[in-house]
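Engineer: Sharing structure.cif below, mmCIF, C-alpha atoms:
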```
data_entry
loop_
_atom_site.label_atom_id
_atom_site.label_comp_id
_atom_site.auth_asym_id
_atom_site.auth_seq_id
_atom_site.Cartn_x
_atom_site.Cartn_y
_atom_site.Cartn_z
CA MET A 1449 -57.34 54.27 -1.28
CA VAL A 1450 -54.15 52.91 -2.87
CA SER A 1451 -53.61 54.10 -6.41
CA GLN A 1452 -52.72 51.70 -9.25
CA GLU A 1453 -49.18 53.02 -9.32
CA GLN A 1454 -48.78 52.62 -5.57
CA ARG A 1455 -50.20 49.09 -5.79
CA ARG A 1456 -47.77 48.26 -8.58
CA ARG A 1457 -44.86 49.55 -6.50
CA GLN A 1458 -46.07 47.63 -3.45
CA LEU A 1459 -46.28 44.39 -5.43
CA ALA A 1460 -42.82 45.00 -6.92
CA ARG A 1461 -41.37 45.58 -3.46
CA GLU A 1462 -43.00 42.44 -2.09
CA LYS A 1463 -41.61 40.46 -5.03
CA PHE A 1464 -38.15 41.91 -4.39
CA LEU A 1465 -38.35 41.03 -0.69
CA ARG A 1466 -39.41 37.47 -1.52
CA GLN A 1467 -36.45 37.10 -3.91
CA GLN A 1468 -34.05 38.41 -1.28
CA GLN A 1469 -35.45 36.01 1.29
CA ARG A 1470 -35.03 33.04 -1.06
CA ARG A 1471 -31.45 34.07 -1.86
CA THR A 1472 -30.63 34.41 1.85
CA GLN A 1473 -32.06 30.95 2.55
CA ALA A 1474 -30.12 29.47 -0.38
CA ARG A 1475 -26.86 31.01 0.86
CA ARG A 1476 -27.52 29.68 4.38
CA LYS A 1477 -28.15 26.15 3.05
CA ALA A 1478 -25.00 26.32 0.89
CA ARG A 1479 -22.90 27.38 3.89
CA THR A 1480 -24.30 24.52 5.97
CA ARG A 1481 -23.70 21.98 3.19
CA ASN A 1482 -20.16 23.17 2.55
CA GLY A 1483 -19.44 23.09 6.26
CA VAL A 1484 -20.51 19.45 6.46
CA ILE A 1485 -18.41 18.55 3.41
CA ALA A 1486 -15.38 20.33 4.83
CA SER A 1487 -15.79 18.52 8.15
CA VAL A 1488 -15.98 15.13 6.45
CA LEU A 1489 -12.94 15.86 4.28
CA GLY A 1490 -11.07 17.02 7.35
CA VAL A 1491 -11.75 13.74 9.13
CA VAL A 1492 -10.66 11.76 6.07
CA LEU A 1493 -7.46 13.73 5.59
CA VAL A 1494 -6.53 13.73 9.27
CA GLY A 1495 -7.29 10.02 9.49
CA SER A 1496 -5.22 9.27 6.41
CA LEU A 1497 -2.33 11.39 7.67
CA ALA A 1498 -2.42 9.71 11.06
CA LEU A 1499 -2.36 6.28 9.49
CA TYR A 1500 0.43 7.23 7.12
CA THR A 1501 2.67 8.86 9.71
CA ALA A 1502 2.03 6.15 12.30
CA GLY A 1503 4.38 3.87 10.33
CA THR A 1504 3.68 2.43 6.92
CA LEU A 1505 3.70 -1.27 6.10
CA LYS A 1506 2.56 -2.39 9.54
CA GLY A 1507 0.47 -5.48 10.15
CA ASP A 1508 -3.18 -5.73 11.15
CA ASP A 1509 -2.02 -7.62 14.22
CA ASP A 1510 0.69 -6.63 16.69
CA ASP A 1511 1.74 -10.27 16.99
CA LYS A 1512 5.48 -10.26 16.26
CA SER A 1513 5.10 -13.41 14.14
CA ASN A 1514 3.17 -11.41 11.56
CA ALA A 1515 4.46 -8.91 9.03
CA GLY A 1516 1.66 -6.98 7.44
CA ALA A 1517 0.26 -3.89 5.81
CA GLU A 1518 -0.78 -0.32 6.59
CA VAL A 1519 -3.13 2.15 4.98
CA THR A 1520 -1.70 4.92 2.82
CA PRO A 1521 -3.28 8.29 1.95
CA SER A 1522 -6.49 8.26 -0.08
CA ALA A 1523 -6.70 8.77 -3.84
CA GLN A 1524 -9.60 9.34 -6.23
CA PRO A 1525 -11.26 6.13 -7.46
CA THR A 1526 -10.04 4.86 -10.78
CA SER A 1527 -11.58 2.46 -13.28
CA LYS A 1528 -10.38 -1.12 -13.17
CA ALA A 1529 -7.81 -1.96 -15.82
CA PRO A 1530 -7.71 -5.31 -17.64
CA ASP A 1531 -5.80 -8.10 -15.90
CA PRO A 1532 -2.40 -8.26 -17.64
CA CYS A 1533 -1.35 -11.57 -16.05
CA ASP A 1534 -1.81 -15.27 -16.76
CA LYS A 1535 -3.77 -17.81 -14.76
CA PRO A 1536 -1.92 -19.31 -11.77
CA ALA A 1537 -0.21 -22.65 -12.09
CA LYS A 1538 -2.05 -25.63 -10.64
CA GLY A 1539 -1.42 -26.19 -6.98
CA GLU A 1540 -2.38 -24.92 -3.55
CA VAL A 1541 -0.68 -23.03 -0.77
CA GLU A 1542 0.65 -25.34 1.93
CA SER A 1543 0.21 -24.30 5.56
CA MET A 1544 3.62 -24.27 7.23
CA SER A 1545 4.88 -22.94 10.55
CA TRP A 1546 8.04 -23.14 12.60
CA LYS A 1547 8.72 -22.25 16.22
CA LYS A 1548 12.09 -20.60 15.70
CA GLU A 1549 14.28 -19.00 13.07
CA PRO A 1550 16.15 -21.55 10.95
CA ALA A 1551 19.82 -22.17 11.66
CA MET A 1552 22.26 -20.13 9.61
CA THR A 1553 23.42 -22.12 6.60
CA ILE A 1554 24.20 -19.52 3.92
CA ASP A 1555 27.68 -18.39 2.95
CA GLU A 1556 27.68 -14.66 3.69
CA SER A 1557 30.53 -14.09 1.23
CA ALA A 1558 28.68 -15.75 -1.66
CA LYS A 1559 26.25 -14.22 -4.15
CA TYR A 1560 22.60 -15.22 -3.92
CA THR A 1561 19.70 -14.47 -6.25
CA MET A 1562 16.00 -15.02 -5.78
CA THR A 1563 13.62 -15.66 -8.65
CA LEU A 1564 9.90 -15.13 -8.21
CA ALA A 1565 8.20 -16.94 -11.08
CA THR A 1566 4.88 -15.08 -11.05
CA THR A 1567 1.79 -15.16 -13.22
CA CYS A 1568 2.84 -11.74 -14.53
CA GLY A 1569 6.43 -12.70 -15.39
CA ASP A 1570 9.66 -13.55 -13.62
CA ILE A 1571 11.02 -11.11 -11.06
CA GLY A 1572 14.72 -11.56 -10.39
CA VAL A 1573 16.23 -10.22 -7.16
CA ASP A 1574 19.90 -9.84 -6.26
CA LEU A 1575 20.09 -10.63 -2.54
CA LYS A 1576 22.35 -8.87 -0.01
CA ALA A 1577 23.67 -11.87 1.89
CA SER A 1578 26.55 -10.09 3.63
CA ALA A 1579 24.45 -7.09 4.71
CA ALA A 1580 21.28 -9.00 5.69
CA PRO A 1581 22.37 -12.58 6.40
CA HIS A 1582 19.47 -13.56 8.69
CA THR A 1583 16.94 -12.32 6.15
CA VAL A 1584 18.56 -14.00 3.16
CA ASN A 1585 19.05 -17.22 5.14
CA SER A 1586 15.36 -17.21 6.07
CA PHE A 1587 14.28 -16.68 2.48
CA GLU A 1588 16.50 -19.49 1.24
CA PHE A 1589 15.00 -21.78 3.91
CA LEU A 1590 11.40 -20.80 3.12
CA ALA A 1591 11.90 -21.02 -0.65
CA LYS A 1592 13.34 -24.53 -0.36
CA LYS A 1593 10.32 -25.57 1.68
CA GLY A 1594 7.96 -24.22 -1.01
CA TYR A 1595 6.50 -21.76 1.48
CA PHE A 1596 5.93 -19.01 -1.11
CA ASP A 1597 4.65 -21.27 -3.89
CA HIS A 1598 1.10 -20.46 -5.11
CA THR A 1599 0.82 -17.46 -2.77
CA LYS A 1600 -0.80 -14.20 -3.86
CA CYS A 1601 0.84 -10.80 -3.67
CA HIS A 1602 -1.98 -9.35 -1.62
CA ARG A 1603 -1.31 -5.60 -1.54
CA LEU A 1604 -0.52 -2.83 -4.02
CA THR A 1605 -0.11 0.81 -3.02
CA THR A 1606 -0.34 3.52 -5.68
CA ASN A 1607 -0.42 6.70 -3.61
CA GLY A 1608 2.06 7.99 -1.02
CA ILE A 1609 4.23 4.89 -1.26
CA TYR A 1610 4.57 2.64 -4.29
CA VAL A 1611 5.03 -1.01 -3.40
CA LEU A 1612 3.81 -4.49 -4.15
CA GLN A 1613 3.60 -6.62 -1.01
CA CYS A 1614 3.90 -10.40 -1.03
CA GLY A 1615 4.93 -13.32 1.17
CA ASP A 1616 1.74 -13.99 3.14
CA PRO A 1617 0.32 -17.48 2.49
CA THR A 1618 -3.03 -16.42 3.98
CA GLY A 1619 -3.34 -13.44 1.63
CA SER A 1620 -4.78 -11.42 4.51
CA GLY A 1621 -1.79 -9.30 5.47
CA THR A 1622 -1.41 -11.02 8.85
CA GLY A 1623 0.27 -14.32 7.97
CA GLY A 1624 3.80 -15.38 8.82
CA PRO A 1625 6.09 -18.39 9.27
CA GLY A 1626 5.70 -18.60 13.05
CA TYR A 1627 9.09 -17.07 13.81
CA THR A 1628 10.60 -13.62 13.47
CA ILE A 1629 13.97 -12.40 12.26
CA PRO A 1630 16.03 -9.40 13.37
CA ASP A 1631 16.10 -6.08 11.55
CA GLU A 1632 19.21 -5.72 9.40
CA ASN A 1633 20.95 -3.31 7.05
CA LEU A 1634 18.86 -0.29 8.13
CA LYS A 1635 21.78 2.01 7.29
CA ASP A 1636 22.14 0.74 3.73
CA LYS A 1637 23.80 3.38 1.57
CA SER A 1638 20.91 3.18 -0.91
CA LEU A 1639 18.52 4.65 1.68
CA LYS A 1640 18.95 8.40 1.45
CA ASP A 1641 16.67 11.06 2.96
CA ASN A 1642 14.24 8.35 4.13
CA VAL A 1643 13.58 7.20 0.58
CA TYR A 1644 13.46 3.56 -0.47
CA PRO A 1645 14.48 3.78 -4.14
CA ALA A 1646 12.70 1.96 -6.94
CA GLY A 1647 13.94 -1.62 -7.18
CA THR A 1648 14.40 -2.10 -3.43
CA VAL A 1649 13.14 -5.33 -1.87
CA ALA A 1650 12.56 -4.98 1.87
CA MET A 1651 10.88 -6.70 4.79
CA ALA A 1652 7.47 -5.72 6.07
CA ASN A 1653 6.96 -5.80 9.83
CA THR A 1654 4.44 -5.06 12.59
CA GLY A 1655 6.03 -1.73 13.49
CA GLN A 1656 7.92 -3.34 16.36
CA LYS A 1657 11.65 -3.96 16.39
CA ASP A 1658 12.81 -7.32 15.01
CA SER A 1659 9.30 -8.35 13.96
CA GLY A 1660 9.92 -9.37 10.35
CA GLY A 1661 8.50 -12.72 9.25
CA SER A 1662 7.93 -13.75 5.64
CA GLN A 1663 6.17 -10.73 4.15
CA PHE A 1664 8.20 -8.43 1.94
CA PHE A 1665 7.60 -5.57 -0.44
CA LEU A 1666 9.01 -4.62 -3.82
CA VAL A 1667 9.34 -0.88 -4.51
CA TYR A 1668 8.39 0.04 -8.08
CA GLN A 1669 8.79 3.81 -7.61
CA ASP A 1670 10.83 5.85 -5.12
CA SER A 1671 8.91 5.82 -1.83
CA GLN A 1672 9.25 8.00 1.26
CA LEU A 1673 9.56 5.65 4.24
CA PRO A 1674 11.36 5.69 7.58
CA PRO A 1675 14.40 3.36 7.56
CA ASN A 1676 12.67 0.68 9.62
CA TYR A 1677 12.34 -2.04 6.99
CA THR A 1678 15.27 -4.35 6.24
CA PRO A 1679 16.42 -3.82 2.63
CA PHE A 1680 17.73 -7.20 1.50
CA GLY A 1681 17.62 -7.20 -2.29
CA THR A 1682 17.42 -5.31 -5.57
CA VAL A 1683 15.04 -6.11 -8.43
CA SER A 1684 16.52 -6.81 -11.86
CA GLU A 1685 15.75 -4.57 -14.84
CA SER A 1686 13.40 -7.13 -16.39
CA GLY A 1687 11.77 -7.58 -13.00
CA MET A 1688 11.06 -3.84 -12.85
CA ASP A 1689 9.19 -4.16 -16.15
CA VAL A 1690 6.97 -6.80 -14.54
CA LEU A 1691 6.35 -4.58 -11.50
CA LYS A 1692 5.41 -1.67 -13.74
CA LYS A 1693 2.89 -3.85 -15.57
CA ILE A 1694 1.32 -4.85 -12.27
CA ALA A 1695 1.26 -1.26 -10.98
CA ASP A 1696 -0.28 0.06 -14.20
CA ALA A 1697 -3.25 -2.26 -13.69
CA GLY A 1698 -4.01 -0.52 -10.38
CA GLU A 1699 -5.59 -1.82 -7.19
CA ASN A 1700 -9.15 -2.86 -6.43
CA THR A 1701 -10.32 -0.11 -4.06
CA GLY A 1702 -9.52 2.91 -6.19
CA ALA A 1703 -8.24 4.56 -3.01
CA GLY A 1704 -4.54 3.87 -3.55
CA ASP A 1705 -4.15 0.83 -1.28
CA GLY A 1706 -5.72 -2.56 -1.88
CA ALA A 1707 -5.36 -5.87 -3.64
CA PRO A 1708 -3.81 -5.58 -7.11
CA ASN A 1709 -6.19 -5.78 -10.06
CA ALA A 1710 -3.56 -7.97 -11.71
CA THR A 1711 -3.68 -11.61 -10.65
CA VAL A 1712 -0.22 -11.68 -9.05
CA VAL A 1713 0.57 -15.17 -7.82
CA ILE A 1714 4.03 -16.53 -7.08
CA ASN A 1715 3.93 -19.88 -8.85
CA LYS A 1716 7.41 -20.74 -7.61
CA ALA A 1717 10.11 -18.99 -5.56
CA THR A 1718 13.72 -20.12 -5.71
CA VAL A 1719 16.93 -18.89 -4.11
CA SER A 1720 20.18 -19.78 -5.87
CA LYS A 1721 23.82 -19.46 -4.87
CA SER A 1722 26.45 -18.53 -7.44
#
```
Show how you would write the structure in this file as structure tokens.
Structural biologist:
Amino acid sequence: MVSQEQRRRQLAREKFLRQQQRRTQARRKARTRNGVIASVLGVVLVGSLALYTAGTLKGDDDDKSNAGAEVTPSAQPTSKAPDPCDKPAKGEVESMSWKKEPAMTIDESAKYTMTLATTCGDIGVDLKASAAPHTVNSFEFLAKKGYFDHTKCHRLTTNGIYVLQCGDPTGSGTGGPGYTIPDENLKDKSLKDNVYPAGTVAMANTGQKDSGGSQFFLVYQDSQLPPNYTPFGTVSESGMDVLKKIADAGENTGAGDGAPNATVVINKATVSKS
């Protein structure tokens, strides 16, 4: 017959064994859960790295008539900031397309400036006509036609690279003027150690040689990029203030690459010779 003391010890031992079993099961579940989380994070990070290193600022379509966008590394979601910009001017985007690059009409020895009158403020750009004549000539042609008027700047990146992308009348990241222009000025002295410095205005492309169209990006913070995107202008000091305001409002995915929260619309684009 089991004594009271022996029974007490037996019950205590059984309780101890049950506690140990529960702890072992809890540790096993935790290891399984952590393993799943690590696997998911690994896929996300590898996917983001692959997209980033495959060539930033590519289009969604390999069609050489399009200059588009590419995904940058992920960031933690952020709350949406208030829209710092005004309502767009009245008017609609006109659908325009041409079969070939416009004839060269600019004076490569002259000084040209581009003004983007946006809902967030004017962005002035000093253009590099002598270093990127085909690009500047195309922008003068498109601006005179009103091609950029009432178009949205459709992409803002806030992680990995720091750019505002514009110039697509469709707002989808795949639009273009129907023709392409050659890459130019890829050895610009401002591009050091594969960095596009803040204030640079450069062409987006599909990732293929000579595939620029109408889409361009404005760098608001030094960005690590391969020298594959024609740098053709520099943003003015006041224009940088406008870019900062747009960037501070963030983008709509919270992941570091999406449409700007700010309502950035180019009411009017003009190119002037001086």
Engineer: Using all atoms listed in the file for the distances, tell me which of A:Gly1647, A:Pro1530, A:Pro1674, A:Gly1539 is nearest to Met1688 in chain A.
Structural biologist: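 Comparing A:Gly1647, A:Pro1530, A:Pro1674, A:Gly1539 against Met1688 in chain A, the winner is A:Gly1647.
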Engineer: Using CA of Ser1586 in chain A and CA of Ile1694 in chain A as the two end points, give the distance in Å to one decimal.
Structural biologist: 26.2 Å
Engineer: What separation in Å, quoted to one decimal, exists between CA of Thr1622 in chain A and CA of Gly1681 in chain A?
Structural biologist: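 Distance between the two atoms: 22.4 Å.
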Engineer: Could you give me, as an NGL selection string, the residues that sit within 12 Å of (-3.3, -1.0, -10.2) in the file's coordinates, counting all atoms listed in the file?
Structural biologist: :A and (1525-1532 or 1603-1607 or 1610-1612 or 1668 or 1691-1712)
Engineer: Out of A:Ser1638, A:Thr1648, A:Thr1567, A:Asn1585, which residue has the shortest atom-to-atom distance to Pro1550 in chain A when counting only C-alpha atoms?
Structural biologist: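 So, comparing all the options, the nearest one is A:Asn1585.
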Engineer: Around (20.7, 1.3, 1.7) in the file's frame, which residues reach within 10 Å when counting only C-alpha atoms? Return as a list in words?
Structural biologist: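 Result, sorted by chain then residue number: Ala1579, Asn1633, Leu1634, Lys1635, Asp1636, Lys1637, Ser1638, Leu1639, Lys1640, Asn1642, Val1643, Tyr1644, Pro1645, Thr1648, Pro1675, Thr1678, Pro1679, Phe1680 and Gly1681 of chain A.
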Engineer: Spell out the residues picked by the PyMOL selection byres ((chain A and resi 1578) around 9) here, as a list in words.
Structural biologist: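 Applied to this file, the PyMOL selection byres ((chain A and resi 1578) around 9) selects Asp1555, Glu1556, Ser1557, Ala1558, Lys1559, Leu1575, Lys1576, Ala1577, Ala1579, Ala1580, Pro1581 and Val1584 of chain A.
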Engineer: Which is closer to Thr1563 in chain A than all the others in A:Arg1470, A:Val1713, A:Asp1670, A:Gly1687, using all atoms listed in the file?
Structural biologist: A:Gly1687
Engineer: Could you list the residues chosen by the PyMOL selection byres ((chain A and resi 1658) around 12) in this structure as a list in words?
Structural biologist: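 That selection, the PyMOL selection byres ((chain A and resi 1658) around 12), comes back as Asp1511, Lys1512, Ser1513, Asn1514, Ala1515, Glu1549, His1582, Thr1583, Tyr1627, Thr1628, Ile1629, Pro1630, Asp1631, Glu1632, Leu1634, Met1651, Ala1652, Asn1653, Thr1654, Gly1655, Gln1656, Lys1657, Ser1659, Gly1660, Gly1661, Asn1676, Tyr1677 and Thr1678 of chain A.
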Engineer: Skipping near chain neighbours, those fewer than 4 positions away, what residues fall within 10 Å of Val1719 in chain A using all atoms listed in the file, listed as a PyMOL selection string?
Structural biologist: chain A and resi 1560-1564+1572-1575+1584-1585+1587-1592
Engineer: So how many Å separate CA of Thr1682 in chain A and CA of Thr1553 in chain A, to one decimal?
Structural biologist: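 Result for CA of Thr1682 in chain A versus CA of Thr1553 in chain A: 21.6 Å, one decimal.
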Engineer: I'd like to see the residues matched by the PyMOL selection byres ((chain A and resi 1615) around 7) on this file, and ideally I'd get them as a PyMOL selection string.
Structural biologist: chain A and resi 1596+1601+1614+1616-1617+1662-1664
Engineer: Determine the nearest neighbour of Ser1545 in chain A from the options A:Gly1608, A:Pro1625, A:Asn1715, A:Val1690, counting all atoms listed in the file.
Structural biologist: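 Distance minimum relative to Ser1545 in chain A lands on A:Pro1625.
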Engineer: Using all atoms listed in the file, which residue out of A:Ala1646, A:Ala1565, A:Ile1571, A:Ile1714 lies closest to Asp1597 in chain A?
Structural biologist: A:Ile1714
Engineer: Would you please work out which residue, of A:Gly1569, A:Gly1594, A:Gly1619, A:Gly1624, is nearest to Lys1716 in chain A when using only C-alpha atoms?
Structural biologist: A:Gly1594
